[in-house]
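Q: I have a structure I would like to understand better, so I am pasting it below and will then ask my questions one at a time.
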Amino acid sequence: MPATTQIATPDGVSIAAYDFGGSGRPVLLIHGYSQSYMCWGKQFEGSLPGRFRLAAMDLRGHGASDKPTDAGSYEDGKRWADDVAAVIERLGLERPVLVGWSFGGRVLCDYVRHRGQDGISGLVYVGAATNMNRAHAGPGRASIPNMFSDDLATNIEGTRGFLRACTAEPMPAHDYEVALAYNMVVPAAVRRVMMARQVDNDDVLKSIRVPTLVIHGEGDTIRLPESGRHIASLVPGAQGAFYPGVGHSPFYEAPERFDADLAAFV
């Protein structure tokens with residue numbers, strides 16, 4: 001079990017952070033929209049712990065972190081950057097590699113834009129979204145508007161559809177039930193304001209000078225593979241790893257390959 005810490009951010013939001021220990025280079029895992037640190041379960045149980053100092057966090061509005069519902073808590077990229085910086089500082093992560101899945105790709109860009117790159121060793125974009133380009137949005141997103149609903153039945157049905165679209169093949173029942181549970185912890189108001197935020201991070205991607213890896217499933221229907229290729233084309237010297245037959249969750253669908261690619265990069 002990880003050591004769990006509640007960390008106060010500059011605007012007073014408490015962020016849940018999880019430290020799995022280890023003596024190698026720190027790796028901080030940052031989950032996606034409506035998820036939690038628990039989505040990385042296969043990494044916590046795989047070959048990475050012990051080789052690296054593995055840590056994770058629940059984004060504001062998610063998991064065991066505070067869930068303010070005002071739009072201002074989510075609109076400013078500096079707040080997202082400050083959350084990551086607070087976790088790095090409190091856990092004592094020395095120049096970590098930051099790994100961001102899906103919406104977590106925006107958080108990586110927020111960090112680089114507002115906190116710079118001197119305090120990190122590398123970036124890993126996983127099924128990542130960094131802009132609002134509609135050409136990169138796939139049909140798997142069709143259920144997301146129902147996730148905004150204050151009507152519980154509509155919200156649940158939207159969340160179920162979203163989770164089904166997160167993998168190319170259906171999740172086993174146990175995993176699906178657990179994922180549904182931690183997705184439903186995220187308030188509808190938080191989901192709405194997060195998706196309303198308009199971003200364009202191409203300038204940030206072009207400015208990145210730390211080593212960068214882009215991992216994307218070729219079968220991703222939520223954030224199409226073109227999004228990963230776009231990121232890889234803009235980041236100078238970026239490495240790309242595209243997984244055939246894998247959907248929006250490469251770390252879950254192909255954990256052995258993902259862990260090996262991440263370990264080699266780190």
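Please note that chains go A, B, ... in the order of the structure tokens, that every chain numbers its residues from 1, and that ligands are numbered from 1 in the order shown.
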Using only C-alpha atoms, which protein or nucleic acid residues come within 12 Å of Pro68 in chain A? Drop anything in the same chain fewer than 3 positions from it, and give the result as a PDB file with N, CA, C and O atoms, in the first residue's frame.
A:
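Output contents, as saved in around.pdb:
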ATOM      1  N   ASP A  11      -3.964  27.714  -3.512  1.00  0.00           N
ATOM      2  CA  ASP A  11      -5.316  28.265  -3.434  1.00  0.00           C
ATOM      3  C   ASP A  11      -6.185  27.537  -2.415  1.00  0.00           C
ATOM      4  O   ASP A  11      -7.400  27.715  -2.385  1.00  0.00           O
ATOM      5  N   GLY A  12      -5.549  26.691  -1.579  1.00  0.00           N
ATOM      6  CA  GLY A  12      -6.268  26.078  -0.472  1.00  0.00           C
ATOM      7  C   GLY A  12      -6.928  24.749  -0.754  1.00  0.00           C
ATOM      8  O   GLY A  12      -7.579  24.180   0.123  1.00  0.00           O
ATOM      9  N   VAL A  13      -6.768  24.224  -1.971  1.00  0.00           N
ATOM     10  CA  VAL A  13      -7.325  22.911  -2.301  1.00  0.00           C
ATOM     11  C   VAL A  13      -6.388  21.823  -1.786  1.00  0.00           C
ATOM     12  O   VAL A  13      -5.168  21.917  -1.929  1.00  0.00           O
ATOM     13  N   SER A  14      -6.956  20.788  -1.183  1.00  0.00           N
ATOM     14  CA  SER A  14      -6.158  19.670  -0.685  1.00  0.00           C
ATOM     15  C   SER A  14      -6.076  18.584  -1.759  1.00  0.00           C
ATOM     16  O   SER A  14      -7.093  18.122  -2.283  1.00  0.00           O
ATOM     17  N   ILE A  15      -4.847  18.191  -2.086  1.00  0.00           N
ATOM     18  CA  ILE A  15      -4.584  17.196  -3.117  1.00  0.00           C
ATOM     19  C   ILE A  15      -4.084  15.913  -2.466  1.00  0.00           C
ATOM     20  O   ILE A  15      -3.160  15.934  -1.644  1.00  0.00           O
ATOM     21  N   LEU A  59      -6.065  14.353  -9.167  1.00  0.00           N
ATOM     22  CA  LEU A  59      -6.255  15.736  -9.573  1.00  0.00           C
ATOM     23  C   LEU A  59      -7.332  16.405  -8.733  1.00  0.00           C
ATOM     24  O   LEU A  59      -8.203  15.738  -8.167  1.00  0.00           O
ATOM     25  N   ARG A  60      -7.265  17.722  -8.647  1.00  0.00           N
ATOM     26  CA  ARG A  60      -8.346  18.454  -7.972  1.00  0.00           C
ATOM     27  C   ARG A  60      -9.686  18.060  -8.596  1.00  0.00           C
ATOM     28  O   ARG A  60      -9.802  17.874  -9.811  1.00  0.00           O
ATOM     29  N   GLY A  61     -10.695  17.889  -7.744  1.00  0.00           N
ATOM     30  CA  GLY A  61     -11.998  17.483  -8.230  1.00  0.00           C
ATOM     31  C   GLY A  61     -12.173  15.985  -8.377  1.00  0.00           C
ATOM     32  O   GLY A  61     -13.256  15.517  -8.746  1.00  0.00           O
ATOM     33  N   HIS A  62     -11.130  15.202  -8.080  1.00  0.00           N
ATOM     34  CA  HIS A  62     -11.137  13.767  -8.335  1.00  0.00           C
ATOM     35  C   HIS A  62     -10.699  12.988  -7.093  1.00  0.00           C
ATOM     36  O   HIS A  62     -10.017  13.519  -6.219  1.00  0.00           O
ATOM     37  N   SER A  65      -9.026  13.903  -3.450  1.00  0.00           N
ATOM     38  CA  SER A  65      -8.693  15.325  -3.401  1.00  0.00           C
ATOM     39  C   SER A  65      -9.964  16.151  -3.204  1.00  0.00           C
ATOM     40  O   SER A  65     -11.076  15.677  -3.428  1.00  0.00           O
ATOM     41  N   ALA A  71     -16.238  27.312 -11.151  1.00  0.00           N
ATOM     42  CA  ALA A  71     -15.461  27.244 -12.389  1.00  0.00           C
ATOM     43  C   ALA A  71     -14.050  27.773 -12.211  1.00  0.00           C
ATOM     44  O   ALA A  71     -13.094  27.269 -12.820  1.00  0.00           O
ATOM     45  N   GLY A  72     -13.882  28.790 -11.359  1.00  0.00           N
ATOM     46  CA  GLY A  72     -12.572  29.396 -11.181  1.00  0.00           C
ATOM     47  C   GLY A  72     -11.508  28.443 -10.682  1.00  0.00           C
ATOM     48  O   GLY A  72     -10.311  28.671 -10.912  1.00  0.00           O
ATOM     49  N   SER A  73     -11.908  27.382 -10.026  1.00  0.00           N
ATOM     50  CA  SER A  73     -10.933  26.418  -9.502  1.00  0.00           C
ATOM     51  C   SER A  73     -10.317  25.553 -10.595  1.00  0.00           C
ATOM     52  O   SER A  73      -9.352  24.835 -10.337  1.00  0.00           O
ATOM     53  N   TYR A  74     -10.869  25.630 -11.810  1.00  0.00           N
ATOM     54  CA  TYR A  74     -10.407  24.747 -12.879  1.00  0.00           C
ATOM     55  C   TYR A  74     -10.003  25.484 -14.152  1.00  0.00           C
ATOM     56  O   TYR A  74      -9.404  24.886 -15.044  1.00  0.00           O
ATOM     57  N   VAL A 186     -16.502  11.880  -9.010  1.00  0.00           N
ATOM     58  CA  VAL A 186     -16.272  13.219  -9.561  1.00  0.00           C
ATOM     59  C   VAL A 186     -17.617  13.905  -9.805  1.00  0.00           C
ATOM     60  O   VAL A 186     -18.442  13.402 -10.571  1.00  0.00           O
ATOM     61  N   PRO A 187     -17.876  15.062  -9.179  1.00  0.00           N
ATOM     62  CA  PRO A 187     -19.166  15.740  -9.345  1.00  0.00           C
ATOM     63  C   PRO A 187     -19.412  16.180 -10.792  1.00  0.00           C
ATOM     64  O   PRO A 187     -18.478  16.520 -11.521  1.00  0.00           O
ATOM     65  N   ALA A 188     -20.671  16.180 -11.175  1.00  0.00           N
ATOM     66  CA  ALA A 188     -21.039  16.622 -12.521  1.00  0.00           C
ATOM     67  C   ALA A 188     -20.551  18.043 -12.785  1.00  0.00           C
ATOM     68  O   ALA A 188     -20.095  18.364 -13.894  1.00  0.00           O
ATOM     69  N   ALA A 189     -20.628  18.912 -11.779  1.00  0.00           N
ATOM     70  CA  ALA A 189     -20.195  20.305 -11.961  1.00  0.00           C
ATOM     71  C   ALA A 189     -18.714  20.387 -12.298  1.00  0.00           C
ATOM     72  O   ALA A 189     -18.290  21.234 -13.098  1.00  0.00           O
ATOM     73  N   VAL A 190     -17.900  19.519 -11.686  1.00  0.00           N
ATOM     74  CA  VAL A 190     -16.469  19.493 -11.981  1.00  0.00           C
ATOM     75  C   VAL A 190     -16.245  19.039 -13.419  1.00  0.00           C
ATOM     76  O   VAL A 190     -15.441  19.619 -14.164  1.00  0.00           O
ATOM     77  N   ARG A 191     -16.952  18.006 -13.814  1.00  0.00           N
ATOM     78  CA  ARG A 191     -16.813  17.517 -15.189  1.00  0.00           C
ATOM     79  C   ARG A 191     -17.161  18.606 -16.196  1.00  0.00           C
ATOM     80  O   ARG A 191     -16.475  18.779 -17.210  1.00  0.00           O
ATOM     81  N   VAL A 193     -17.088  21.983 -15.897  1.00  0.00           N
ATOM     82  CA  VAL A 193     -16.158  23.114 -16.003  1.00  0.00           C
ATOM     83  C   VAL A 193     -14.815  22.675 -16.574  1.00  0.00           C
ATOM     84  O   VAL A 193     -14.151  23.459 -17.262  1.00  0.00           O
ATOM     85  N   MET A 194     -14.413  21.426 -16.325  1.00  0.00           N
ATOM     86  CA  MET A 194     -13.159  20.956 -16.910  1.00  0.00           C
ATOM     87  C   MET A 194     -13.241  20.905 -18.432  1.00  0.00           C
ATOM     88  O   MET A 194     -12.318  21.317 -19.133  1.00  0.00           O
TER      89      MET A 194
END
Q: Determine, counting only C-alpha atoms, which protein, DNA and RNA residues have an atom within 12 Å of an atom of range 205-207 of chain A; residues of the same chain fewer than 6 positions away are not included. Present the result as a PDB file with all heavy atoms, in the first residue's frame.
A:
ATOM      1  N   GLY A 105      -2.443  15.183 -20.080  1.00  0.00           N
ATOM      2  CA  GLY A 105      -1.548  15.835 -21.034  1.00  0.00           C
ATOM      3  C   GLY A 105      -1.660  17.348 -20.972  1.00  0.00           C
ATOM      4  O   GLY A 105      -0.670  18.062 -21.127  1.00  0.00           O
ATOM      5  N   ARG A 106      -2.873  17.846 -20.718  1.00  0.00           N
ATOM      6  CA  ARG A 106      -3.038  19.293 -20.534  1.00  0.00           C
ATOM      7  C   ARG A 106      -2.332  19.740 -19.257  1.00  0.00           C
ATOM      8  O   ARG A 106      -1.736  20.827 -19.208  1.00  0.00           O
ATOM      9  CB  ARG A 106      -4.519  19.648 -20.444  1.00  0.00           C
ATOM     10  CG  ARG A 106      -5.339  19.323 -21.666  1.00  0.00           C
ATOM     11  CD  ARG A 106      -6.750  19.850 -21.508  1.00  0.00           C
ATOM     12  NE  ARG A 106      -7.628  19.387 -22.570  1.00  0.00           N
ATOM     13  CZ  ARG A 106      -8.892  19.756 -22.691  1.00  0.00           C
ATOM     14  NH1 ARG A 106      -9.416  20.605 -21.821  1.00  0.00           N
ATOM     15  NH2 ARG A 106      -9.636  19.294 -23.680  1.00  0.00           N
ATOM     16  N   LEU A 108       0.311  18.412 -17.921  1.00  0.00           N
ATOM     17  CA  LEU A 108       1.755  18.485 -18.190  1.00  0.00           C
ATOM     18  C   LEU A 108       2.095  19.819 -18.863  1.00  0.00           C
ATOM     19  O   LEU A 108       3.093  20.460 -18.507  1.00  0.00           O
ATOM     20  CB  LEU A 108       2.200  17.336 -19.087  1.00  0.00           C
ATOM     21  CG  LEU A 108       2.042  15.904 -18.592  1.00  0.00           C
ATOM     22  CD1 LEU A 108       2.818  14.948 -19.503  1.00  0.00           C
ATOM     23  CD2 LEU A 108       2.487  15.734 -17.156  1.00  0.00           C
ATOM     24  N   CYS A 109       1.271  20.217 -19.820  1.00  0.00           N
ATOM     25  CA  CYS A 109       1.522  21.497 -20.498  1.00  0.00           C
ATOM     26  C   CYS A 109       1.352  22.673 -19.549  1.00  0.00           C
ATOM     27  O   CYS A 109       2.120  23.650 -19.614  1.00  0.00           O
ATOM     28  CB  CYS A 109       0.593  21.638 -21.700  1.00  0.00           C
ATOM     29  SG  CYS A 109       0.976  20.516 -23.066  1.00  0.00           S
ATOM     30  N   ASP A 110       0.356  22.593 -18.667  1.00  0.00           N
ATOM     31  CA  ASP A 110       0.190  23.641 -17.661  1.00  0.00           C
ATOM     32  C   ASP A 110       1.444  23.757 -16.806  1.00  0.00           C
ATOM     33  O   ASP A 110       1.911  24.870 -16.503  1.00  0.00           O
ATOM     34  CB  ASP A 110      -1.002  23.326 -16.747  1.00  0.00           C
ATOM     35  CG  ASP A 110      -2.348  23.495 -17.432  1.00  0.00           C
ATOM     36  OD1 ASP A 110      -2.441  24.296 -18.381  1.00  0.00           O
ATOM     37  OD2 ASP A 110      -3.308  22.818 -17.006  1.00  0.00           O
ATOM     38  N   TYR A 111       1.994  22.619 -16.408  1.00  0.00           N
ATOM     39  CA  TYR A 111       3.188  22.633 -15.562  1.00  0.00           C
ATOM     40  C   TYR A 111       4.364  23.291 -16.301  1.00  0.00           C
ATOM     41  O   TYR A 111       5.048  24.155 -15.749  1.00  0.00           O
ATOM     42  CB  TYR A 111       3.561  21.216 -15.129  1.00  0.00           C
ATOM     43  CG  TYR A 111       4.749  21.202 -14.189  1.00  0.00           C
ATOM     44  CD1 TYR A 111       4.564  21.325 -12.813  1.00  0.00           C
ATOM     45  CD2 TYR A 111       6.048  21.118 -14.673  1.00  0.00           C
ATOM     46  CE1 TYR A 111       5.647  21.353 -11.949  1.00  0.00           C
ATOM     47  CE2 TYR A 111       7.140  21.138 -13.819  1.00  0.00           C
ATOM     48  CZ  TYR A 111       6.932  21.263 -12.460  1.00  0.00           C
ATOM     49  OH  TYR A 111       8.019  21.303 -11.612  1.00  0.00           O
ATOM     50  N   VAL A 112       4.583  22.880 -17.541  1.00  0.00           N
ATOM     51  CA  VAL A 112       5.702  23.444 -18.303  1.00  0.00           C
ATOM     52  C   VAL A 112       5.502  24.943 -18.509  1.00  0.00           C
ATOM     53  O   VAL A 112       6.441  25.738 -18.372  1.00  0.00           O
ATOM     54  CB  VAL A 112       5.852  22.717 -19.655  1.00  0.00           C
ATOM     55  CG1 VAL A 112       6.857  23.437 -20.551  1.00  0.00           C
ATOM     56  CG2 VAL A 112       6.291  21.272 -19.440  1.00  0.00           C
ATOM     57  N   ARG A 113       4.284  25.357 -18.827  1.00  0.00           N
ATOM     58  CA  ARG A 113       4.018  26.777 -19.091  1.00  0.00           C
ATOM     59  C   ARG A 113       4.264  27.641 -17.853  1.00  0.00           C
ATOM     60  O   ARG A 113       4.831  28.736 -17.945  1.00  0.00           O
ATOM     61  CB  ARG A 113       2.572  26.969 -19.569  1.00  0.00           C
ATOM     62  CG  ARG A 113       2.234  28.398 -19.949  1.00  0.00           C
ATOM     63  CD  ARG A 113       0.772  28.559 -20.346  1.00  0.00           C
ATOM     64  NE  ARG A 113       0.388  27.770 -21.502  1.00  0.00           N
ATOM     65  CZ  ARG A 113       0.617  28.126 -22.764  1.00  0.00           C
ATOM     66  NH1 ARG A 113       1.253  29.269 -23.029  1.00  0.00           N
ATOM     67  NH2 ARG A 113       0.219  27.354 -23.763  1.00  0.00           N
ATOM     68  N   GLY A 116       7.959  25.806 -15.698  1.00  0.00           N
ATOM     69  CA  GLY A 116       9.198  25.581 -16.416  1.00  0.00           C
ATOM     70  C   GLY A 116       9.608  24.115 -16.441  1.00  0.00           C
ATOM     71  O   GLY A 116       8.851  23.223 -16.043  1.00  0.00           O
ATOM     72  N   GLN A 117      10.820  23.874 -16.899  1.00  0.00           N
ATOM     73  CA  GLN A 117      11.301  22.510 -17.114  1.00  0.00           C
ATOM     74  C   GLN A 117      12.527  22.138 -16.294  1.00  0.00           C
ATOM     75  O   GLN A 117      12.951  20.975 -16.303  1.00  0.00           O
ATOM     76  CB  GLN A 117      11.622  22.318 -18.601  1.00  0.00           C
ATOM     77  CG  GLN A 117      10.447  22.608 -19.512  1.00  0.00           C
ATOM     78  CD  GLN A 117      10.814  22.622 -20.979  1.00  0.00           C
ATOM     79  OE1 GLN A 117      11.365  21.667 -21.523  1.00  0.00           O
ATOM     80  NE2 GLN A 117      10.504  23.735 -21.647  1.00  0.00           N
ATOM     81  N   LEU A 123       9.038  14.040 -19.849  1.00  0.00           N
ATOM     82  CA  LEU A 123       7.578  14.076 -19.960  1.00  0.00           C
ATOM     83  C   LEU A 123       7.116  12.875 -20.773  1.00  0.00           C
ATOM     84  O   LEU A 123       7.747  12.514 -21.776  1.00  0.00           O
ATOM     85  CB  LEU A 123       7.131  15.356 -20.659  1.00  0.00           C
ATOM     86  CG  LEU A 123       7.435  16.682 -19.947  1.00  0.00           C
ATOM     87  CD1 LEU A 123       7.272  17.857 -20.911  1.00  0.00           C
ATOM     88  CD2 LEU A 123       6.527  16.861 -18.738  1.00  0.00           C
ATOM     89  N   TYR A 125       3.533  11.642 -22.560  1.00  0.00           N
ATOM     90  CA  TYR A 125       2.138  11.919 -22.921  1.00  0.00           C
ATOM     91  C   TYR A 125       1.485  10.603 -23.333  1.00  0.00           C
ATOM     92  O   TYR A 125       1.932   9.954 -24.283  1.00  0.00           O
ATOM     93  CB  TYR A 125       2.085  12.916 -24.084  1.00  0.00           C
ATOM     94  CG  TYR A 125       2.485  14.323 -23.702  1.00  0.00           C
ATOM     95  CD1 TYR A 125       3.815  14.736 -23.741  1.00  0.00           C
ATOM     96  CD2 TYR A 125       1.520  15.251 -23.308  1.00  0.00           C
ATOM     97  CE1 TYR A 125       4.170  16.034 -23.399  1.00  0.00           C
ATOM     98  CE2 TYR A 125       1.871  16.554 -22.963  1.00  0.00           C
ATOM     99  CZ  TYR A 125       3.200  16.938 -23.012  1.00  0.00           C
ATOM    100  OH  TYR A 125       3.561  18.214 -22.669  1.00  0.00           O
ATOM    101  N   ALA A 129      -4.404  14.611 -24.550  1.00  0.00           N
ATOM    102  CA  ALA A 129      -5.065  15.762 -25.153  1.00  0.00           C
ATOM    103  C   ALA A 129      -4.317  17.009 -24.720  1.00  0.00           C
ATOM    104  O   ALA A 129      -4.108  17.222 -23.531  1.00  0.00           O
ATOM    105  CB  ALA A 129      -6.516  15.839 -24.699  1.00  0.00           C
ATOM    106  N   THR A 130      -3.915  17.841 -25.675  1.00  0.00           N
ATOM    107  CA  THR A 130      -3.218  19.080 -25.329  1.00  0.00           C
ATOM    108  C   THR A 130      -3.893  20.309 -25.928  1.00  0.00           C
ATOM    109  O   THR A 130      -3.473  21.429 -25.663  1.00  0.00           O
ATOM    110  CB  THR A 130      -1.752  19.034 -25.812  1.00  0.00           C
ATOM    111  OG1 THR A 130      -1.733  18.877 -27.243  1.00  0.00           O
ATOM    112  CG2 THR A 130      -0.993  17.888 -25.159  1.00  0.00           C
ATOM    113  N   ASN A 131      -4.928  20.102 -26.739  1.00  0.00           N
ATOM    114  CA  ASN A 131      -5.601  21.236 -27.360  1.00  0.00           C
ATOM    115  C   ASN A 131      -7.071  20.880 -27.590  1.00  0.00           C
ATOM    116  O   ASN A 131      -7.538  19.815 -27.192  1.00  0.00           O
ATOM    117  CB  ASN A 131      -4.915  21.635 -28.670  1.00  0.00           C
ATOM    118  CG  ASN A 131      -4.887  20.495 -29.676  1.00  0.00           C
ATOM    119  OD1 ASN A 131      -5.831  19.717 -29.791  1.00  0.00           O
ATOM    120  ND2 ASN A 131      -3.796  20.385 -30.417  1.00  0.00           N
ATOM    121  N   VAL A 214       5.863   9.896 -26.319  1.00  0.00           N
ATOM    122  CA  VAL A 214       4.435   9.924 -26.620  1.00  0.00           C
ATOM    123  C   VAL A 214       3.970   8.483 -26.827  1.00  0.00           C
ATOM    124  O   VAL A 214       4.484   7.780 -27.705  1.00  0.00           O
ATOM    125  CB  VAL A 214       4.134  10.758 -27.879  1.00  0.00           C
ATOM    126  CG1 VAL A 214       2.647  10.729 -28.205  1.00  0.00           C
ATOM    127  CG2 VAL A 214       4.617  12.198 -27.693  1.00  0.00           C
ATOM    128  N   GLY A 228      -1.755  12.051 -30.710  1.00  0.00           N
ATOM    129  CA  GLY A 228      -0.411  11.657 -30.307  1.00  0.00           C
ATOM    130  C   GLY A 228       0.626  12.026 -31.352  1.00  0.00           C
ATOM    131  O   GLY A 228       1.724  12.494 -31.029  1.00  0.00           O
ATOM    132  N   HIS A 230       0.397  14.431 -33.471  1.00  0.00           N
ATOM    133  CA  HIS A 230       0.526  15.891 -33.432  1.00  0.00           C
ATOM    134  C   HIS A 230       1.496  16.308 -32.333  1.00  0.00           C
ATOM    135  O   HIS A 230       2.397  17.131 -32.567  1.00  0.00           O
ATOM    136  CB  HIS A 230      -0.849  16.509 -33.188  1.00  0.00           C
ATOM    137  CG  HIS A 230      -0.843  17.996 -33.049  1.00  0.00           C
ATOM    138  ND1 HIS A 230      -0.751  18.853 -34.121  1.00  0.00           N
ATOM    139  CD2 HIS A 230      -0.918  18.787 -31.939  1.00  0.00           C
ATOM    140  CE1 HIS A 230      -0.763  20.102 -33.699  1.00  0.00           C
ATOM    141  NE2 HIS A 230      -0.873  20.097 -32.382  1.00  0.00           N
ATOM    142  N   ILE A 231       1.343  15.747 -31.149  1.00  0.00           N
ATOM    143  CA  ILE A 231       2.244  16.066 -30.036  1.00  0.00           C
ATOM    144  C   ILE A 231       3.678  15.696 -30.398  1.00  0.00           C
ATOM    145  O   ILE A 231       4.608  16.497 -30.234  1.00  0.00           O
ATOM    146  CB  ILE A 231       1.801  15.336 -28.758  1.00  0.00           C
ATOM    147  CG1 ILE A 231       0.428  15.849 -28.301  1.00  0.00           C
ATOM    148  CG2 ILE A 231       2.827  15.513 -27.636  1.00  0.00           C
ATOM    149  CD1 ILE A 231      -0.219  15.005 -27.222  1.00  0.00           C
ATOM    150  N   ALA A 232       3.863  14.483 -30.919  1.00  0.00           N
ATOM    151  CA  ALA A 232       5.213  14.015 -31.255  1.00  0.00           C
ATOM    152  C   ALA A 232       5.861  14.865 -32.341  1.00  0.00           C
ATOM    153  O   ALA A 232       7.088  15.057 -32.345  1.00  0.00           O
ATOM    154  CB  ALA A 232       5.158  12.557 -31.692  1.00  0.00           C
ATOM    155  N   SER A 233       5.044  15.409 -33.249  1.00  0.00           N
ATOM    156  CA  SER A 233       5.602  16.219 -34.339  1.00  0.00           C
ATOM    157  C   SER A 233       6.061  17.586 -33.868  1.00  0.00           C
ATOM    158  O   SER A 233       6.930  18.207 -34.509  1.00  0.00           O
ATOM    159  CB  SER A 233       4.557  16.387 -35.447  1.00  0.00           C
ATOM    160  OG  SER A 233       3.513  17.276 -35.054  1.00  0.00           O
ATOM    161  N   LEU A 234       5.493  18.077 -32.754  1.00  0.00           N
ATOM    162  CA  LEU A 234       5.818  19.419 -32.290  1.00  0.00           C
ATOM    163  C   LEU A 234       6.927  19.443 -31.244  1.00  0.00           C
ATOM    164  O   LEU A 234       7.671  20.427 -31.161  1.00  0.00           O
ATOM    165  CB  LEU A 234       4.564  20.089 -31.704  1.00  0.00           C
ATOM    166  CG  LEU A 234       3.453  20.425 -32.695  1.00  0.00           C
ATOM    167  CD1 LEU A 234       2.309  21.132 -31.982  1.00  0.00           C
ATOM    168  CD2 LEU A 234       3.971  21.297 -33.834  1.00  0.00           C
ATOM    169  N   VAL A 235       7.042  18.405 -30.444  1.00  0.00           N
ATOM    170  CA  VAL A 235       8.064  18.384 -29.388  1.00  0.00           C
ATOM    171  C   VAL A 235       9.404  17.996 -30.007  1.00  0.00           C
ATOM    172  O   VAL A 235       9.537  16.909 -30.568  1.00  0.00           O
ATOM    173  CB  VAL A 235       7.701  17.392 -28.280  1.00  0.00           C
ATOM    174  CG1 VAL A 235       8.805  17.364 -27.226  1.00  0.00           C
ATOM    175  CG2 VAL A 235       6.366  17.754 -27.636  1.00  0.00           C
ATOM    176  N   PRO A 236      10.407  18.849 -29.914  1.00  0.00           N
ATOM    177  CA  PRO A 236      11.696  18.533 -30.518  1.00  0.00           C
ATOM    178  C   PRO A 236      12.276  17.227 -29.974  1.00  0.00           C
ATOM    179  O   PRO A 236      12.399  17.044 -28.766  1.00  0.00           O
ATOM    180  CB  PRO A 236      12.576  19.731 -30.118  1.00  0.00           C
ATOM    181  CG  PRO A 236      11.599  20.859 -29.902  1.00  0.00           C
ATOM    182  CD  PRO A 236      10.388  20.204 -29.313  1.00  0.00           C
ATOM    183  N   GLY A 237      12.589  16.309 -30.879  1.00  0.00           N
ATOM    184  CA  GLY A 237      13.246  15.067 -30.487  1.00  0.00           C
ATOM    185  C   GLY A 237      12.367  14.062 -29.790  1.00  0.00           C
ATOM    186  O   GLY A 237      12.868  13.074 -29.231  1.00  0.00           O
ATOM    187  N   ALA A 238      11.052  14.255 -29.796  1.00  0.00           N
ATOM    188  CA  ALA A 238      10.158  13.345 -29.082  1.00  0.00           C
ATOM    189  C   ALA A 238      10.218  11.943 -29.659  1.00  0.00           C
ATOM    190  O   ALA A 238      10.334  11.747 -30.871  1.00  0.00           O
ATOM    191  CB  ALA A 238       8.724  13.855 -29.121  1.00  0.00           C
TER     192      ALA A 238
END
Q: Write out as a list of chain:residue names the set of residues from range 142-262 of chain A that DSSP, computed on the backbone, places in strand (DSSP E).
A: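 Selecting the strand (DSSP E) positions of range 142-262 of chain A gives A:Thr212, A:Leu213, A:Val214, A:Ile215, A:His216, A:Gly217, A:Gln239, A:Gly240, A:Ala241, A:Phe242, A:Tyr243.
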Q: Excluding Ala179 in chain A and its own-chain neighbours fewer than 2 positions away, which residues fall within 8 Å of it when counting only C-alpha atoms? Please give them as an mmCIF file with C-alpha atoms, in the first residue's frame.
A:
data_model
loop_
_atom_site.group_PDB
_atom_site.id
_atom_site.type_symbol
_atom_site.label_atom_id
_atom_site.label_comp_id
_atom_site.auth_asym_id
_atom_site.auth_seq_id
_atom_site.Cartn_x
_atom_site.Cartn_y
_atom_site.Cartn_z
ATOM 1 C CA GLN A 35 -10.479 9.164 -13.096
ATOM 2 C CA CYS A 39 -6.370 3.741 -12.817
ATOM 3 C CA LEU A 163 -15.637 3.805 -19.603
ATOM 4 C CA ASP A 175 -12.119 -3.749 -13.141
ATOM 5 C CA TYR A 176 -15.091 -2.059 -14.799
ATOM 6 C CA GLU A 177 -17.001 -1.896 -11.511
ATOM 7 C CA ALA A 181 -17.029 3.667 -8.735
ATOM 8 C CA TYR A 182 -14.080 6.062 -8.770
ATOM 9 C CA ASN A 183 -15.396 7.860 -11.847
#
Q: Pick from A:Gly24, A:Gly219, A:Pro10, A:Gly138: nearest to Val84 in chain A, with only C-alpha atoms counted?
A: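 Among A:Gly24, A:Gly219, A:Pro10, A:Gly138, it is A:Pro10 that comes nearest to Val84 in chain A.
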Q: If you run DSSP on this backbone, which residues of range 69-172 of chain A come out as alpha helix (DSSP H), and could you give them as an NGL selection string?
A: :A and (72-75 or 77-91 or 104-115 or 152-165)
